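Trainee: Next comes coords-v9.cif, mmCIF, C-alpha atoms and all ligand atoms:
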```
data_target
#
loop_
_atom_site.label_atom_id
_atom_site.label_comp_id
_atom_site.auth_asym_id
_atom_site.auth_seq_id
_atom_site.Cartn_x
_atom_site.Cartn_y
_atom_site.Cartn_z
CA MET W 1 -95.18 -34.62 81.45
CA ALA W 2 -93.31 -31.29 81.33
CA LYS W 3 -92.64 -29.68 84.68
CA SER W 4 -94.97 -26.76 85.44
CA ILE W 5 -93.84 -23.58 87.20
CA LEU W 6 -95.84 -24.81 90.22
CA ASP W 7 -93.58 -27.88 90.50
CA TYR W 8 -90.57 -25.69 91.26
CA GLU W 9 -89.53 -24.54 94.71
CA THR W 10 -89.53 -20.73 94.90
CA VAL W 11 -86.71 -20.84 97.48
CA GLU W 12 -84.80 -23.92 98.52
CA LEU W 13 -81.90 -24.58 100.85
CA ARG W 14 -79.13 -26.52 99.09
CA ASP W 15 -77.09 -27.20 102.19
CA GLU W 16 -74.78 -29.67 100.44
CA LEU W 17 -73.72 -26.83 98.09
CA ASP W 18 -73.64 -24.15 100.83
CA ALA W 19 -76.22 -22.31 98.75
CA ILE W 20 -79.81 -21.19 98.34
CA GLU W 21 -81.50 -22.16 95.11
CA ILE W 22 -84.17 -19.83 93.74
CA ILE W 23 -86.21 -19.55 90.57
CA ASP W 24 -84.86 -16.47 88.81
CA GLN W 25 -88.18 -14.61 88.60
CA THR W 26 -86.79 -11.91 86.34
CA LEU W 27 -86.72 -14.48 83.51
CA LEU W 28 -90.33 -15.60 83.83
CA PRO W 29 -92.48 -16.55 82.06
CA GLY W 30 -90.16 -17.10 79.08
CA ASN W 31 -87.48 -19.12 80.87
CA ILE W 32 -87.79 -21.17 83.99
CA GLU W 33 -84.28 -21.20 85.38
CA THR W 34 -83.00 -21.68 88.88
CA ILE W 35 -79.86 -20.09 90.23
CA LEU W 36 -77.63 -20.75 93.23
CA LEU W 37 -76.80 -17.99 95.69
CA LYS W 38 -73.74 -18.51 97.83
CA THR W 39 -72.30 -15.17 98.92
CA GLY W 40 -73.81 -12.26 100.80
CA GLU W 41 -73.60 -10.10 97.68
CA GLU W 42 -75.37 -12.73 95.58
CA ILE W 43 -78.20 -13.00 98.09
CA TRP W 44 -78.46 -9.21 98.49
CA ASN W 45 -78.56 -8.68 94.74
CA ALA W 46 -81.11 -11.44 94.16
CA ILE W 47 -83.45 -9.74 96.64
CA TYR W 48 -82.79 -6.22 95.33
CA LEU W 49 -83.17 -7.25 91.67
CA LEU W 50 -86.39 -9.18 92.43
CA GLN W 51 -84.97 -12.51 91.31
CA VAL W 52 -86.60 -13.63 94.52
CA ARG W 53 -89.45 -11.39 95.59
CA GLY W 54 -92.75 -11.19 97.44
CA ALA W 55 -92.67 -10.53 101.17
CA PRO W 56 -92.82 -14.11 102.52
CA ALA W 57 -90.34 -15.49 99.94
CA ILE W 58 -87.91 -12.68 100.76
CA GLY W 59 -88.19 -13.65 104.44
CA VAL W 60 -87.48 -17.31 103.70
CA ALA W 61 -84.52 -16.40 101.47
CA ALA W 62 -83.13 -14.13 104.19
CA GLY W 63 -83.39 -16.88 106.82
CA PHE W 64 -81.59 -19.39 104.61
CA GLY W 65 -79.16 -16.67 103.54
CA LEU W 66 -78.16 -15.79 107.08
CA TYR W 67 -77.62 -19.48 107.86
CA ILE W 68 -75.50 -20.03 104.71
CA LEU W 69 -73.35 -16.99 105.54
CA MET W 70 -72.90 -17.94 109.21
CA LYS W 71 -71.98 -21.49 108.22
CA LYS W 72 -68.61 -20.07 107.17
CA SER W 73 -68.07 -18.42 110.56
CA GLU W 74 -64.91 -19.24 112.49
CA ALA W 75 -66.00 -17.31 115.58
CA LYS W 76 -64.17 -18.25 118.77
CA SER W 77 -66.76 -16.91 121.19
CA TYR W 78 -70.50 -16.28 121.48
CA GLU W 79 -69.92 -12.53 121.38
CA GLU W 80 -67.89 -12.81 118.17
CA PHE W 81 -70.53 -15.10 116.63
CA MET W 82 -73.36 -12.71 117.46
CA LYS W 83 -71.39 -9.71 116.16
CA GLN W 84 -70.89 -11.47 112.82
CA LEU W 85 -74.52 -12.55 112.74
CA ARG W 86 -75.71 -8.99 113.32
CA GLU W 87 -73.42 -7.57 110.63
CA LYS W 88 -74.61 -10.08 108.05
CA SER W 89 -78.20 -9.61 109.12
CA ASP W 90 -77.96 -5.81 108.79
CA TYR W 91 -76.41 -6.21 105.37
CA LEU W 92 -79.17 -8.51 104.05
CA ASN W 93 -81.81 -6.31 105.67
CA SER W 94 -80.62 -3.32 103.63
CA SER W 95 -81.59 -4.98 100.32
CA ARG W 96 -85.26 -3.87 100.37
CA PRO W 97 -87.00 -1.65 102.93
CA THR W 98 -90.76 -2.18 102.67
CA ALA W 99 -91.51 -5.88 103.19
CA VAL W 100 -91.33 -6.41 106.93
CA ASN W 101 -90.89 -10.17 106.47
CA LEU W 102 -87.23 -9.50 105.63
CA SER W 103 -86.37 -8.00 109.03
CA TRP W 104 -88.88 -10.29 110.72
CA ALA W 105 -87.07 -13.43 109.49
CA LEU W 106 -83.61 -12.03 110.25
CA ASN W 107 -84.64 -10.96 113.76
CA ARG W 108 -86.26 -14.31 114.33
CA MET W 109 -82.98 -16.08 113.49
CA GLU W 110 -81.06 -13.90 115.95
CA THR W 111 -83.68 -14.13 118.68
CA HIS W 112 -83.76 -17.89 118.36
CA ILE W 113 -80.02 -18.20 119.03
CA LYS W 114 -80.33 -15.81 121.98
CA ASP W 115 -83.28 -17.74 123.42
CA MET W 116 -81.62 -21.13 123.00
CA THR W 117 -78.44 -20.03 124.79
CA MET W 118 -80.00 -17.64 127.31
CA ASP W 119 -78.05 -14.99 125.47
CA GLY W 120 -74.78 -16.85 125.65
CA SER W 121 -74.97 -17.82 129.29
CA ASP W 122 -75.96 -21.47 128.86
CA PHE W 123 -74.96 -23.71 125.98
CA SER W 124 -75.84 -27.04 127.59
CA THR W 125 -79.34 -27.43 126.04
CA ILE W 126 -78.26 -26.49 122.56
CA ASN W 127 -75.08 -28.61 122.69
CA GLU W 128 -76.95 -31.63 124.02
CA LYS W 129 -79.55 -31.26 121.26
CA HIS W 130 -76.80 -31.37 118.64
CA GLY W 131 -75.03 -34.33 120.26
CA ILE W 132 -72.11 -32.30 121.58
CA SER W 133 -70.79 -33.17 125.03
CA GLU W 134 -68.95 -29.86 125.61
CA LYS W 135 -70.60 -27.45 128.01
CA GLY W 136 -69.34 -24.14 126.61
CA PHE W 137 -69.60 -22.19 123.35
CA CYS W 138 -69.71 -24.53 120.34
CA LEU W 139 -69.90 -23.08 116.83
CA GLN W 140 -71.28 -26.28 115.36
CA SER W 141 -74.38 -26.37 117.56
CA LEU W 142 -75.18 -22.69 116.95
CA ILE W 143 -74.92 -23.19 113.20
CA GLY W 144 -77.04 -26.36 113.41
CA GLU W 145 -79.66 -24.39 115.28
CA MET W 146 -79.68 -21.66 112.61
CA LYS W 147 -80.26 -24.26 109.94
CA GLU W 148 -83.24 -25.70 111.81
CA GLU W 149 -84.77 -22.27 112.42
CA SER W 150 -84.44 -21.26 108.77
CA GLU W 151 -86.10 -24.52 107.72
CA ARG W 152 -88.91 -23.88 110.20
CA ILE W 153 -89.51 -20.43 108.68
CA LYS W 154 -90.05 -22.06 105.30
CA ALA W 155 -92.23 -24.91 106.60
CA GLU W 156 -94.39 -22.44 108.54
CA ASP W 157 -94.79 -20.26 105.46
CA ILE W 158 -96.41 -23.17 103.61
CA GLU W 159 -98.68 -23.94 106.57
CA VAL W 160 -99.63 -20.28 107.06
CA CYS W 161 -100.47 -19.77 103.38
CA ARG W 162 -102.65 -22.87 103.41
CA LYS W 163 -104.55 -21.50 106.43
CA ILE W 164 -104.96 -18.09 104.71
CA GLY W 165 -106.36 -20.04 101.77
CA GLU W 166 -108.89 -21.81 103.99
CA TYR W 167 -110.12 -18.59 105.62
CA GLY W 168 -110.12 -16.78 102.28
CA LEU W 169 -112.09 -19.57 100.65
CA GLU W 170 -115.04 -18.73 102.90
CA LEU W 171 -115.18 -15.36 101.14
CA ILE W 172 -115.52 -16.85 97.65
CA LYS W 173 -118.68 -18.15 95.96
CA ASP W 174 -119.08 -20.40 92.96
CA GLY W 175 -119.04 -18.31 89.79
CA ASP W 176 -117.13 -15.38 91.32
CA GLY W 177 -114.92 -13.05 89.35
CA ILE W 178 -111.86 -12.13 91.40
CA LEU W 179 -109.37 -9.36 90.78
CA THR W 180 -105.80 -9.41 92.05
CA HIS W 181 -102.86 -7.01 91.79
CA CYS W 182 -99.14 -7.83 91.54
CA ASN W 183 -98.08 -11.35 92.49
CA ALA W 184 -98.98 -12.64 95.92
CA GLY W 185 -98.87 -16.16 94.55
CA GLN W 186 -96.80 -19.27 94.99
CA LEU W 187 -93.87 -17.39 93.47
CA ALA W 188 -94.04 -14.88 96.31
CA THR W 189 -94.15 -17.59 98.99
CA CYS W 190 -93.17 -21.25 99.24
CA LYS W 191 -96.55 -22.68 98.24
CA TYR W 192 -100.12 -21.49 97.61
CA GLY W 193 -99.29 -17.78 97.88
CA THR W 194 -101.32 -15.50 100.13
CA ALA W 195 -103.85 -13.74 97.86
CA THR W 196 -103.87 -16.72 95.49
CA ALA W 197 -104.27 -19.37 98.22
CA PRO W 198 -108.09 -18.98 98.35
CA MET W 199 -108.12 -19.19 94.55
CA TYR W 200 -106.07 -22.40 94.47
CA LEU W 201 -108.28 -23.97 97.13
CA ALA W 202 -111.47 -22.83 95.36
CA HIS W 203 -110.19 -24.37 92.14
CA GLU W 204 -109.20 -27.58 93.98
CA LYS W 205 -112.76 -27.77 95.34
CA GLY W 206 -114.20 -27.45 91.86
CA LEU W 207 -115.62 -23.93 92.28
CA ASN W 208 -115.96 -22.10 89.05
CA ILE W 209 -113.95 -18.90 89.44
CA ARG W 210 -112.52 -16.36 87.01
CA VAL W 211 -109.40 -14.53 88.05
CA TYR W 212 -108.41 -11.18 86.58
CA CYS W 213 -104.76 -10.18 86.99
CA ASP W 214 -103.62 -6.58 86.86
CA GLU W 215 -100.49 -6.41 84.74
CA THR W 216 -98.78 -4.37 87.50
CA ARG W 217 -96.57 -1.70 85.98
CA PRO W 218 -93.68 -1.19 85.97
CA LEU W 219 -92.24 -4.64 86.77
CA LEU W 220 -95.19 -6.65 85.44
CA GLN W 221 -95.47 -9.14 88.28
CA GLY W 222 -99.16 -9.62 87.43
CA ALA W 223 -98.53 -10.39 83.78
CA ARG W 224 -95.28 -12.31 84.09
CA LEU W 225 -95.93 -14.18 87.33
CA THR W 226 -99.56 -14.27 88.51
CA ALA W 227 -101.10 -14.88 85.09
CA PHE W 228 -98.41 -17.50 84.47
CA GLU W 229 -98.87 -19.47 87.67
CA LEU W 230 -102.69 -19.32 87.72
CA GLN W 231 -102.93 -20.33 84.08
CA SER W 232 -100.49 -23.19 84.75
CA ALA W 233 -102.81 -24.34 87.53
CA GLY W 234 -105.71 -24.49 85.06
CA ILE W 235 -107.56 -21.52 86.59
CA ASP W 236 -109.60 -19.31 84.23
CA THR W 237 -107.20 -16.34 84.02
CA THR W 238 -107.58 -12.98 82.29
CA LEU W 239 -104.89 -10.33 82.11
CA LEU W 240 -105.60 -6.60 82.04
CA CYS W 241 -103.52 -3.44 82.14
CA ASP W 242 -103.67 -1.61 85.45
CA ASN W 243 -105.68 1.27 84.00
CA MET W 244 -108.47 -1.12 82.94
CA SER W 245 -109.51 -2.30 86.38
CA ALA W 246 -112.00 0.52 87.05
CA SER W 247 -113.98 -0.29 83.92
CA LEU W 248 -113.84 -4.01 84.78
CA MET W 249 -115.17 -3.32 88.28
CA LYS W 250 -117.91 -1.07 86.91
CA SER W 251 -118.95 -3.79 84.46
CA GLY W 252 -120.03 -5.98 87.37
CA LYS W 253 -117.64 -8.82 86.55
CA ILE W 254 -115.74 -8.56 89.84
CA ASN W 255 -117.21 -9.96 93.06
CA ALA W 256 -114.15 -9.75 95.29
CA ILE W 257 -110.58 -8.50 95.29
CA PHE W 258 -107.71 -10.32 96.97
CA VAL W 259 -104.24 -8.78 97.24
CA GLY W 260 -101.11 -9.56 99.20
CA CYS W 261 -99.23 -7.24 101.47
CA ASP W 262 -95.70 -6.19 102.41
CA ARG W 263 -96.40 -4.58 105.76
CA VAL W 264 -99.57 -3.97 107.76
CA ALA W 265 -99.31 -1.14 110.28
CA ALA W 266 -100.83 -1.47 113.75
CA ASN W 267 -103.93 0.46 112.59
CA GLY W 268 -104.54 -1.84 109.59
CA ASP W 269 -103.12 0.45 106.88
CA ALA W 270 -101.48 -1.94 104.41
CA ALA W 271 -98.52 -1.39 102.09
CA ASN W 272 -98.55 -3.45 98.93
CA LYS W 273 -97.39 -3.12 95.35
CA ILE W 274 -97.85 0.30 93.81
CA GLY W 275 -101.35 0.60 92.39
CA THR W 276 -103.05 -1.42 95.11
CA SER W 277 -104.56 1.66 96.75
CA VAL W 278 -106.08 2.72 93.41
CA VAL W 279 -107.78 -0.68 93.17
CA ALA W 280 -109.05 -0.40 96.75
CA THR W 281 -110.37 3.12 96.18
CA VAL W 282 -112.27 2.12 93.05
CA ALA W 283 -113.54 -1.07 94.74
CA LYS W 284 -115.07 1.08 97.49
CA ARG W 285 -116.81 3.20 94.81
CA TYR W 286 -118.44 0.09 93.31
CA GLY W 287 -119.09 -1.74 96.61
CA ILE W 288 -116.72 -4.62 95.89
CA PRO W 289 -115.14 -6.28 98.94
CA PHE W 290 -111.39 -5.69 99.07
CA TYR W 291 -109.37 -8.25 101.07
CA VAL W 292 -105.73 -8.04 102.08
CA CYS W 293 -104.12 -11.42 102.67
CA ALA W 294 -101.33 -11.21 105.21
CA PRO W 295 -99.51 -13.74 107.33
CA SER W 296 -99.13 -12.46 110.90
CA SER W 297 -95.41 -12.06 110.10
CA THR W 298 -96.43 -9.23 107.75
CA ILE W 299 -98.17 -7.30 110.53
CA ASP W 300 -95.79 -4.82 112.12
CA ILE W 301 -97.15 -3.64 115.44
CA ASN W 302 -94.14 -1.35 115.82
CA THR W 303 -95.30 0.71 112.85
CA LYS W 304 -98.27 2.70 114.10
CA VAL W 305 -99.78 3.96 110.82
CA GLY W 306 -99.26 3.52 107.10
CA ASP W 307 -97.50 6.87 106.75
CA ASP W 308 -94.67 5.47 108.90
CA ILE W 309 -93.95 2.67 106.40
CA LYS W 310 -90.80 3.26 104.40
CA ILE W 311 -91.64 3.03 100.71
CA GLU W 312 -88.95 1.74 98.39
CA GLN W 313 -88.12 4.05 95.50
CA ARG W 314 -86.69 2.32 92.45
CA LYS W 315 -84.75 3.25 89.34
CA PRO W 316 -86.35 5.50 86.67
CA GLU W 317 -85.30 3.05 83.93
CA GLU W 318 -87.92 0.57 85.16
CA VAL W 319 -90.53 3.07 83.95
CA THR W 320 -88.84 4.60 80.92
CA GLU W 321 -87.22 1.68 79.13
CA MET W 322 -87.42 -1.69 80.79
CA TRP W 323 -89.48 -4.19 78.73
CA TYR W 324 -89.63 -1.83 75.73
CA LYS W 325 -87.65 -2.39 72.51
CA GLU W 326 -86.57 1.21 72.75
CA ARG W 327 -86.87 3.92 75.38
CA MET W 328 -90.49 5.16 75.60
CA ALA W 329 -89.98 8.42 77.46
CA PRO W 330 -88.02 11.55 76.69
CA GLU W 331 -84.41 11.57 77.88
CA GLY W 332 -84.01 13.43 81.13
CA VAL W 333 -87.70 13.39 82.13
CA LYS W 334 -88.24 13.16 85.89
CA VAL W 335 -89.70 9.82 86.98
CA TYR W 336 -91.84 8.92 89.98
CA ASN W 337 -91.27 5.24 90.74
CA PRO W 338 -92.31 4.10 94.23
CA ALA W 339 -92.52 0.32 94.43
CA PHE W 340 -95.39 0.29 96.95
CA ASP W 341 -98.32 2.33 98.18
CA VAL W 342 -100.37 2.24 101.33
CA THR W 343 -104.06 1.37 101.31
CA ASP W 344 -105.92 3.17 104.08
CA ASN W 345 -107.52 0.75 106.51
CA GLU W 346 -111.04 2.12 105.88
CA LEU W 347 -110.86 0.80 102.31
CA ILE W 348 -110.10 -2.75 103.49
CA SER W 349 -113.04 -5.15 103.99
CA GLY W 350 -110.96 -7.74 105.84
CA ILE W 351 -107.37 -8.79 106.52
CA VAL W 352 -107.08 -12.54 105.96
CA THR W 353 -104.46 -14.03 108.28
CA GLU W 354 -103.61 -17.60 109.28
CA TYR W 355 -105.71 -17.01 112.42
CA GLY W 356 -108.84 -15.85 110.64
CA VAL W 357 -110.24 -12.77 108.95
CA LEU W 358 -109.61 -9.54 110.88
CA ARG W 359 -112.32 -6.91 110.60
CA ALA W 360 -112.40 -3.21 111.44
CA PRO W 361 -111.61 -1.62 113.81
CA TYR W 362 -108.22 -3.05 112.84
CA ASP W 363 -106.23 -1.48 115.67
CA VAL W 364 -108.36 -3.48 118.11
CA ALA W 365 -108.30 -6.69 116.02
CA ILE W 366 -104.52 -6.49 115.58
CA ARG W 367 -103.91 -5.78 119.28
CA LYS W 368 -106.00 -8.85 120.14
CA LEU W 369 -104.05 -10.99 117.69
CA PHE W 370 -100.72 -10.12 119.29
O1 LIG O 401 -91.82 -5.84 94.53
P1 LIG O 401 -92.39 -7.19 94.80
O2 LIG O 401 -92.63 -7.99 93.58
O3 LIG O 401 -91.60 -7.94 95.85
O4 LIG O 401 -93.81 -6.87 95.45
C1 LIG O 401 -94.60 -7.92 95.87
C2 LIG O 401 -95.91 -7.52 96.41
O5 LIG O 401 -96.25 -6.36 96.47
C3 LIG O 401 -96.76 -8.62 96.97
O6 LIG O 401 -98.11 -8.34 96.80
C4 LIG O 401 -96.46 -8.77 98.47
O7 LIG O 401 -95.09 -8.90 98.70
C5 LIG O 401 -97.17 -9.92 99.06
S1 LIG O 401 -96.52 -11.46 98.53
C6 LIG O 401 -97.41 -12.71 99.25
#
```
What would the structure in this file look like if it were written as structure tokens?
Mentor:
Amino acid sequence: MAKSILDYETVELRDELDAIEIIDQTLLPGNIETILLKTGEEIWNAIYLLQVRGAPAIGVAAGFGLYILMKKSEAKSYEEFMKQLREKSDYLNSSRPTAVNLSWALNRMETHIKDMTMDGSDFSTINEKHGISEKGFCLQSLIGEMKEESERIKAEDIEVCRKIGEYGLELIKDGDGILTHCNAGQLATCKYGTATAPMYLAHEKGLNIRVYCDETRPLLQGARLTAFELQSAGIDTTLLCDNMSASLMKSGKINAIFVGCDRVAANGDAANKIGTSVVATVAKRYGIPFYVCAPSSTIDINTKVGDDIKIEQRKPEEVTEMWYKERMAPEGVKVYNPAFDVTDNELISGIVTEYGVLRAPYDVAIRKLF
């Protein structure tokens, strides 16, 4: 039987090749091709160009990426090693600003090395663990530890998405019509997705659901990715242009909305793909529950409110000519192209995390969670 898109790993460590292997998502759904990323520039570009994308998948790629880059280190001391690690981490972190999972994964890699060595003052535990009898700084054991941590980030992502699916499933009934925006699916994570996890589990359980995917201008993640993966899973999938969702909601066909998230502020404001806040606003008008699915790694308690979230601005060409046979806007016209928007917490019916569904007041629920 032909391999389905769901049989591919979104992000995989190919340690034997000193590389990360990713599905090149810019080619989907027409071509399923994987590519190897070996250098810092290749990893940075793959994240910036959305060859690998979606907050959790970016985090996993960054963890593997930092390990692959540090594997080449010839540092002679802990201080030198950490200086290199920080430089490479800062470089990868500059590829995209909004998804907090990127900095979360990179910080986690650094913190892990610090914790394991008591910030360079004790190498005995880490060396012993890696079968090294030396007592002092040993490059090999630090690199081995980075590999393990990056693999843990990926394994946890799968576990966390499954849990989000289980909690989200409790919010779905047989026969429901569900709307989603962008791609918070398996392609944005390592399995299940976040917003799609409840849908996959509902389908697995035999619930009859219909999923409506917003096309998601300008990069078409809904059309190219979500519709593709849900249809491949055998889920009843319907595609619509973004400007059709209000009429769909008014028609009564939508019972719940599930979206992913790139960063949740401490007050529950949630940044996600541009257009999400329009969906949430209209959902409120028609009384449709609007759920944000977010691993706890997407919650940023250091960002107080949504207005503090840095929103990525992207190239005008994504709006004026990409995907079209010929340019569809006048030359020289000014273009507004933010990649994300922030949904105000009062429009959110629940934030589905791996620990359960958070409800308003979100500042209190989030403080409790951390
Ligand atoms: O620009 P993208 O494609 O990386 O944006 C992705 C989204 O907005 C997703 O909804 C979000 O990252 C959550 S993925 C589980």
Trainee: Determine the nearest neighbour of ligand LIG 401 (chain O) from the options W:Thr320, W:Ser89, W:Ser349, W:Asn272, counting all atoms listed in the file.
Mentor: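 Nearest to ligand LIG 401 (chain O): W:Asn272.
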Trainee: Smallest atom-to-atom distance to ligand LIG 401 (chain O): which of W:Tyr67, W:Tyr48, W:Tyr355, W:Phe123, using only C-alpha atoms and all ligand atoms?
Mentor: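 That would be W:Tyr48, the residue with the smallest distance to ligand LIG 401 (chain O).
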Trainee: Output the neighbourhood of ligand LIG 401 (chain O) as a PyMOL selection string, that is, all protein and nucleic acid residues with some atom at most 7 Å from the ligand, counting only C-alpha atoms and all ligand atoms.
Mentor: chain W and resi 50+53-56+99+182-185+188-189+193-195+221+259-262+272-273+339-340
Trainee: Please produce an output containing C-alpha atoms for each residue in the selection, written as a CSV table (one decimal), keeping the file's coordinate frame.
Mentor:
```
chain,number,residue,atom,x,y,z
W,50,LEU,CA,-86.4,-9.2,92.4
W,53,ARG,CA,-89.4,-11.4,95.6
W,54,GLY,CA,-92.8,-11.2,97.4
W,55,ALA,CA,-92.7,-10.5,101.2
W,56,PRO,CA,-92.8,-14.1,102.5
W,99,ALA,CA,-91.5,-5.9,103.2
W,182,CYS,CA,-99.1,-7.8,91.5
W,183,ASN,CA,-98.1,-11.4,92.5
W,184,ALA,CA,-99.0,-12.6,95.9
W,185,GLY,CA,-98.9,-16.2,94.6
W,188,ALA,CA,-94.0,-14.9,96.3
W,189,THR,CA,-94.2,-17.6,99.0
W,193,GLY,CA,-99.3,-17.8,97.9
W,194,THR,CA,-101.3,-15.5,100.1
W,195,ALA,CA,-103.8,-13.7,97.9
W,221,GLN,CA,-95.5,-9.1,88.3
W,259,VAL,CA,-104.2,-8.8,97.2
W,260,GLY,CA,-101.1,-9.6,99.2
W,261,CYS,CA,-99.2,-7.2,101.5
W,262,ASP,CA,-95.7,-6.2,102.4
W,272,ASN,CA,-98.6,-3.4,98.9
W,273,LYS,CA,-97.4,-3.1,95.4
W,339,ALA,CA,-92.5,0.3,94.4
W,340,PHE,CA,-95.4,0.3,97.0
```
Trainee: Contacts of Glu148 of chain W at 12 Å or less, counting only C-alpha atoms, minus same-chain residues fewer than 2 places along, as a ChimeraX atom specification?
Mentor: /W:13,15,63-64,67-68,109,112-113,126,129-130,141-146,150-155
Trainee: State, in Å with one decimal place, the distance from atom CA of Met199 of chain W to atom CA of Glu166 of chain W.
Mentor: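 Distance between the two atoms: 9.8 Å.
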Trainee: Please compute the atom CA of Glu16 of chain W-atom CA of Leu187 of chain W distance, one decimal, in Å.
Mentor: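 These two atoms are separated by 23.7 Å.
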Trainee: Considering only C-alpha atoms, can you say which of W:Met116, W:Cys241, W:Ala233, W:Ala360 comes closest to Thr216 of chain W?
Mentor: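 Going through W:Met116, W:Cys241, W:Ala233, W:Ala360 one by one, the smallest distance to Thr216 of chain W is for W:Cys241.
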Trainee: Restrict the calculation to only C-alpha atoms, then for each residue of segment 275-358 of chain W with any atom at most 9 Å from an atom of segment 156-163 of chain W give the closest atom pair and their distance in Å to one decimal, rows by chain and rising residue number, as CSV.
Mentor:
```
residue,atom,partner,partner_atom,distance
W:Ala294,CA,W:Cys161,CA,8.8
W:Pro295,CA,W:Val160,CA,6.5
W:Ser296,CA,W:Val160,CA,8.7
W:Thr353,CA,W:Lys163,CA,7.7
W:Glu354,CA,W:Lys163,CA,4.9
W:Tyr355,CA,W:Lys163,CA,7.6
W:Gly356,CA,W:Lys163,CA,8.2
```
Trainee: Near Ala329 of chain W, within 12 Å and counting only C-alpha atoms, which residues show up once chain neighbours fewer than 3 positions away are dropped, as a list in words?
Mentor: Pro316, Glu317, Glu318, Val319, Thr320, Glu321, Met322, Tyr324, Glu326, Gly332, Val333, Lys334 and Val335 of chain W
Trainee: Within 8 Å of (-82.2, -20.8, 89.0) (file coordinates; only C-alpha atoms), which protein or nucleic acid residues are there? I'd like them as a PyMOL selection string.
Mentor: chain W and resi 21-24+32-36
Trainee: Quick check, in Å to one decimal: how far apart do atom CA of Asp214 of chain W and atom CA of His181 of chain W lie?
Mentor: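 According to the coordinates, atom CA of Asp214 of chain W and atom CA of His181 of chain W are separated by 5.0 Å.
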Trainee: From the options W:Tyr91, W:Phe137, W:Phe258, W:Phe370, which residue's atoms come nearest to Ala280 of chain W, counting only C-alpha atoms?
Mentor: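 Selected residue with least distance to Ala280 of chain W: W:Phe258.
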Trainee: So that all listed atoms of segment 48-52 of chain W fit with 5 Å spare on each side, what axis-aligned box centre and edge lengths in Å, to one decimal, would you give as JSON?
Mentor:
```
{"center_x": -84.7, "center_y": -9.9, "center_z": 93.3, "size_x": 13.8, "size_y": 17.4, "size_z": 14.0}
```
Trainee: Here's a test: counting all atoms listed in the file, identify every protein, DNA and RNA residue with an atom at most 12 Å from (-104.5, -25.0, 88.5) in the file's coordinate frame, and state them as an MDAnalysis selection string.
Mentor: chainID W and resid 4:7 186 192 196:197 199:211 226:237
Trainee: Take the selection from the previous step and output its residues with C-alpha atoms, as a short mmCIF file (atom, residue, chain, number, x, y, z; two decimals), in the frame of the given file.
Mentor:
```cif
data_model
loop_
_atom_site.label_atom_id
_atom_site.label_comp_id
_atom_site.auth_asym_id
_atom_site.auth_seq_id
_atom_site.Cartn_x
_atom_site.Cartn_y
_atom_site.Cartn_z
CA SER W 4 -94.97 -26.76 85.44
CA ILE W 5 -93.84 -23.58 87.20
CA LEU W 6 -95.84 -24.81 90.22
CA ASP W 7 -93.58 -27.88 90.50
CA GLN W 186 -96.80 -19.27 94.99
CA TYR W 192 -100.12 -21.49 97.61
CA THR W 196 -103.87 -16.72 95.49
CA ALA W 197 -104.27 -19.37 98.22
CA MET W 199 -108.12 -19.19 94.55
CA TYR W 200 -106.07 -22.40 94.47
CA LEU W 201 -108.28 -23.97 97.13
CA ALA W 202 -111.47 -22.83 95.36
CA HIS W 203 -110.19 -24.37 92.14
CA GLU W 204 -109.20 -27.58 93.98
CA LYS W 205 -112.76 -27.77 95.34
CA GLY W 206 -114.20 -27.45 91.86
CA LEU W 207 -115.62 -23.93 92.28
CA ASN W 208 -115.96 -22.10 89.05
CA ILE W 209 -113.95 -18.90 89.44
CA ARG W 210 -112.52 -16.36 87.01
CA VAL W 211 -109.40 -14.53 88.05
CA THR W 226 -99.56 -14.27 88.51
CA ALA W 227 -101.10 -14.88 85.09
CA PHE W 228 -98.41 -17.50 84.47
CA GLU W 229 -98.87 -19.47 87.67
CA LEU W 230 -102.69 -19.32 87.72
CA GLN W 231 -102.93 -20.33 84.08
CA SER W 232 -100.49 -23.19 84.75
CA ALA W 233 -102.81 -24.34 87.53
CA GLY W 234 -105.71 -24.49 85.06
CA ILE W 235 -107.56 -21.52 86.59
CA ASP W 236 -109.60 -19.31 84.23
CA THR W 237 -107.20 -16.34 84.02
#
```
Trainee: Could you tell me which of W:Ile172, W:Ile257, W:Val100, W:Leu179 comes closest to Asp300 of chain W if we count only C-alpha atoms?
Mentor: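 For Asp300 of chain W, the nearest of the candidates is W:Val100.
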Trainee: Ranking W:Asn101, W:Asn337, W:Asn31, W:Thr180 by minimum distance to Glu312 of chain W and counting only C-alpha atoms, which one comes first?
Mentor: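 Using only C-alpha atoms, Glu312 of chain W sits closest to W:Asn337.
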Trainee: When you look at Asp344 of chain W with a cut-off of 9 Å (counting only C-alpha atoms), what residues show up, excluding the ones that are within fewer than 6 positions of it in the same chain? I need them as a short mmCIF file (atom, residue, chain, number, x, y, z; two decimals) with C-alpha atoms, in the frame of the given file.
Mentor:
```
data_model
loop_
_atom_site.label_atom_id
_atom_site.label_comp_id
_atom_site.auth_asym_id
_atom_site.auth_seq_id
_atom_site.Cartn_x
_atom_site.Cartn_y
_atom_site.Cartn_z
CA GLY W 268 -104.54 -1.84 109.59
CA ASP W 269 -103.12 0.45 106.88
CA ALA W 270 -101.48 -1.94 104.41
CA ALA W 271 -98.52 -1.39 102.09
CA SER W 277 -104.56 1.66 96.75
CA ALA W 280 -109.05 -0.40 96.75
CA GLY W 306 -99.26 3.52 107.10
#
```
